[in-house]
Amino acid sequence: MNGPIVSRETLEWAAGQPVSRETFERIEAYAELLKRENERQNLVSASTIEHLWERHILDSAQLARFEPASATSWVDIGSGAGLPGIIIACLVEGPVTLIEPRRLRAEFLIDTVDSLGLKGKIEHAKAENVSGRFDVITGRAVAPLGRFLGISHHLSHRGTIWVLPKGRNTKSELADARRNWQCEACLEASITDPESTILVLSGVRGRQRR
């Protein structure tokens with residue numbers, strides 16, 4: 001057993017919403033699948049697997065707090081182990097698309113979605129090669145903000161928000177990104193790490209060159 005399983009009440013606190021027993025059990029099952037698969041391929045670092053629930057599951061669940069409305073569509077870019085995409089798919093009503101270019105990781109996501117009975121869609125591709133429009137765009141430790149906006153902006157519409165977990169360099173990343181992008185930004189404290197931030201962006205558009 002790797003690390004303690006948090007209570008359903010703690011998961012509800014992180015997600016900012018009620019969590020049914022069925023949903024909690026589904027996330028428990030996902031945690032077991034992830035730990036098993038992590039022995040075959042490096043999905044999450046060995047130093048954090050011992051604290052899977054605190055470092056990864058609650059950290060992903062807190063993003064559901066920023067869903068702008070019920071049944072909105074999400075896309076998770078560079079989903080990897082399914083963090084945060086699988087957790088989001090367990091918690092929200094709307095469709096969730098997970099984009100992952102690496103074959104073994106995409107296969108794990110396909111098997112996981114099938115095993116858990118989720119409605120999530122897996123795109124085995126680079127984000128640049130995926131089409132569609134989504135209400136919420138997220139991604140965890142994929143790329144610096146400016147580059148992330150560059151590979152994801154074509155997946156947005158006028159009302160799209162970006163909900164991005166970020167570390168201690170959030171403000172400098174935002175300043176760099178604003179050289180090429182205009183946006184409204186809100187920095188929210190992470191509930192799992194005092195040095196981390198949830199960056200919520202809206203009205204994202206490229207700056208016109210003169």
# chains A, B, ... in the order shown; residues from 1 in each chain; ligands from 1

call {"tool": "closest_atom_pairs", "arguments": {"of": "stretch 66-86 of chain A", "to": "stretch 135-148 of chain A", "cutoff": "6 Å", "atoms": "only C-alpha atoms", "output": "tab-separated table"}}
result
residue	atom	partner	partner_atom	distance
A:Thr72	CA	A:Asp135	CA	5.9
A:Ser73	CA	A:Asp135	CA	5.2
A:Trp74	CA	A:Val136	CA	4.7
A:Val75	CA	A:Ile137	CA	5.1
A:Asp76	CA	A:Thr138	CA	4.9
A:Ile77	CA	A:Gly139	CA	4.9

call {"tool": "write_last_selection", "arguments": {"atoms": "C-alpha atoms", "output": "PDB file, in the first residue's frame"}}
result
ATOM      1  CA  THR A  72     -18.942  22.065 -19.444  1.00  0.00           C
ATOM      2  CA  SER A  73     -16.353  20.375 -21.658  1.00  0.00           C
ATOM      3  CA  TRP A  74     -12.758  19.926 -20.456  1.00  0.00           C
ATOM      4  CA  VAL A  75      -9.541  19.063 -22.256  1.00  0.00           C
ATOM      5  CA  ASP A  76      -6.416  17.921 -20.409  1.00  0.00           C
ATOM      6  CA  ILE A  77      -3.260  18.440 -22.479  1.00  0.00           C
TER       7      ILE A  77
END

call {"tool": "select_by_dssp", "arguments": {"residues": "chain A", "states": "strand (DSSP E or B)", "output": "number ranges by chain"}}
result
A: 74-77, 96-99, 121-123, 136-138, 161-166, 181-189, 197-206

call {"tool": "write_last_selection", "arguments": {"atoms": "C-alpha atoms", "output": "short mmCIF file (atom, residue, chain, number, x, y, z; two decimals), in the first residue's frame"}}
result
data_model
loop_
_atom_site.label_atom_id
_atom_site.label_comp_id
_atom_site.auth_asym_id
_atom_site.auth_seq_id
_atom_site.Cartn_x
_atom_site.Cartn_y
_atom_site.Cartn_z
CA TRP A 74 -12.76 19.93 -20.46
CA VAL A 75 -9.54 19.06 -22.26
CA ASP A 76 -6.42 17.92 -20.41
CA ILE A 77 -3.26 18.44 -22.48
CA VAL A 96 -13.47 15.31 -20.71
CA THR A 97 -10.88 14.79 -23.44
CA LEU A 98 -7.37 13.64 -22.54
CA ILE A 99 -4.56 14.38 -24.99
CA LYS A 121 -12.14 10.50 -24.75
CA ILE A 122 -8.46 9.81 -25.38
CA GLU A 123 -6.56 11.54 -28.17
CA VAL A 136 -11.99 24.53 -19.94
CA ILE A 137 -8.37 23.80 -20.86
CA THR A 138 -5.97 22.34 -18.32
CA ILE A 161 -10.96 29.47 -19.46
CA TRP A 162 -7.59 27.93 -18.72
CA VAL A 163 -7.23 26.31 -15.27
CA LEU A 164 -3.57 25.54 -14.71
CA PRO A 165 -1.74 24.29 -11.62
CA LYS A 166 1.54 26.17 -11.36
CA TRP A 181 -0.63 36.97 -25.24
CA GLN A 182 -3.36 39.17 -23.82
CA CYS A 183 -5.52 37.70 -21.06
CA GLU A 184 -7.30 38.25 -17.78
CA ALA A 185 -5.51 36.34 -15.03
CA CYS A 186 -6.51 35.27 -11.53
CA LEU A 187 -4.01 33.59 -9.21
CA GLU A 188 -5.60 31.32 -6.61
CA ALA A 189 -3.74 29.62 -3.78
CA THR A 197 -0.84 28.45 -7.43
CA ILE A 198 -3.87 27.74 -9.60
CA LEU A 199 -3.70 30.12 -12.54
CA VAL A 200 -7.09 30.88 -14.10
CA LEU A 201 -7.01 32.69 -17.44
CA SER A 202 -9.83 34.07 -19.57
CA GLY A 203 -10.05 36.20 -22.69
CA VAL A 204 -6.82 34.72 -24.02
CA ARG A 205 -5.81 36.08 -27.40
CA GLY A 206 -2.57 36.67 -29.25
#

call {"tool": "closest_residue", "arguments": {"among": "A:Gly167, A:Gly150, A:Gly82, A:Pro68", "to": "A:Glu107", "atoms": "only C-alpha atoms"}}
result
A:Gly82

call {"tool": "select_by_dssp", "arguments": {"residues": "stretch 17-203 of chain A", "states": "helix (DSSP H, G or I)", "output": "number ranges by chain"}}
result
A: 21-38, 46-49, 52-66, 85-91, 103-116, 127-129, 145-155, 170-177

call {"tool": "residues_around", "arguments": {"residues": "A:Ser20", "least_positions_apart": "4", "cutoff": "12 Å", "atoms": "only C-alpha atoms", "output": "VMD selection string"}}
result
chain A and resid 7 to 9 11 to 12 24 to 27 90 to 92

call {"tool": "residues_around", "arguments": {"residues": "A:Ala64", "least_positions_apart": "5", "cutoff": "9 Å", "atoms": "only C-alpha atoms", "output": "CSV table (one decimal) with N, CA and C atoms, in the first residue's frame"}}
result
chain,number,residue,atom,x,y,z
A,14,ALA,N,-11.5,19.2,-1.1
A,14,ALA,CA,-10.6,19.6,-2.2
A,14,ALA,C,-11.3,20.0,-3.4
A,15,ALA,N,-12.3,19.2,-3.8
A,15,ALA,CA,-13.0,19.5,-5.1
A,15,ALA,C,-14.1,20.6,-4.9
A,16,GLY,N,-14.4,20.9,-3.7
A,16,GLY,CA,-15.4,22.0,-3.5
A,16,GLY,C,-16.8,21.5,-3.9
A,17,GLN,N,-17.1,20.3,-3.8
A,17,GLN,CA,-18.4,19.7,-4.2
A,17,GLN,C,-18.7,18.4,-3.6
A,87,ILE,N,-9.1,12.4,-12.9
A,87,ILE,CA,-9.7,12.8,-11.7
A,87,ILE,C,-10.9,13.8,-12.1
A,88,ILE,N,-10.6,14.7,-13.0
A,88,ILE,CA,-11.7,15.6,-13.4
A,88,ILE,C,-12.8,14.8,-14.0
A,91,LEU,N,-15.1,13.6,-11.5
A,91,LEU,CA,-15.8,14.5,-10.7
A,91,LEU,C,-16.8,15.4,-11.4
A,92,VAL,N,-16.7,15.6,-12.7
A,92,VAL,CA,-17.6,16.5,-13.4
A,92,VAL,C,-18.6,15.8,-14.3

call {"tool": "atom_distance", "arguments": {"atom1": "atom CA of A:Lys126", "atom2": "atom CA of A:Glu100"}}
result
6.6 Å

call {"tool": "residues_around", "arguments": {"residues": "A:Gly117", "least_positions_apart": "6", "cutoff": "12 Å", "atoms": "only C-alpha atoms", "output": "PyMOL selection string"}}
result
chain A and resi 22-23+26-27+29-30+86+89-90+109-111

call {"tool": "atom_distance", "arguments": {"atom1": "atom CA of A:Thr10", "atom2": "atom CA of A:Trp53"}}
result
10.4 Å
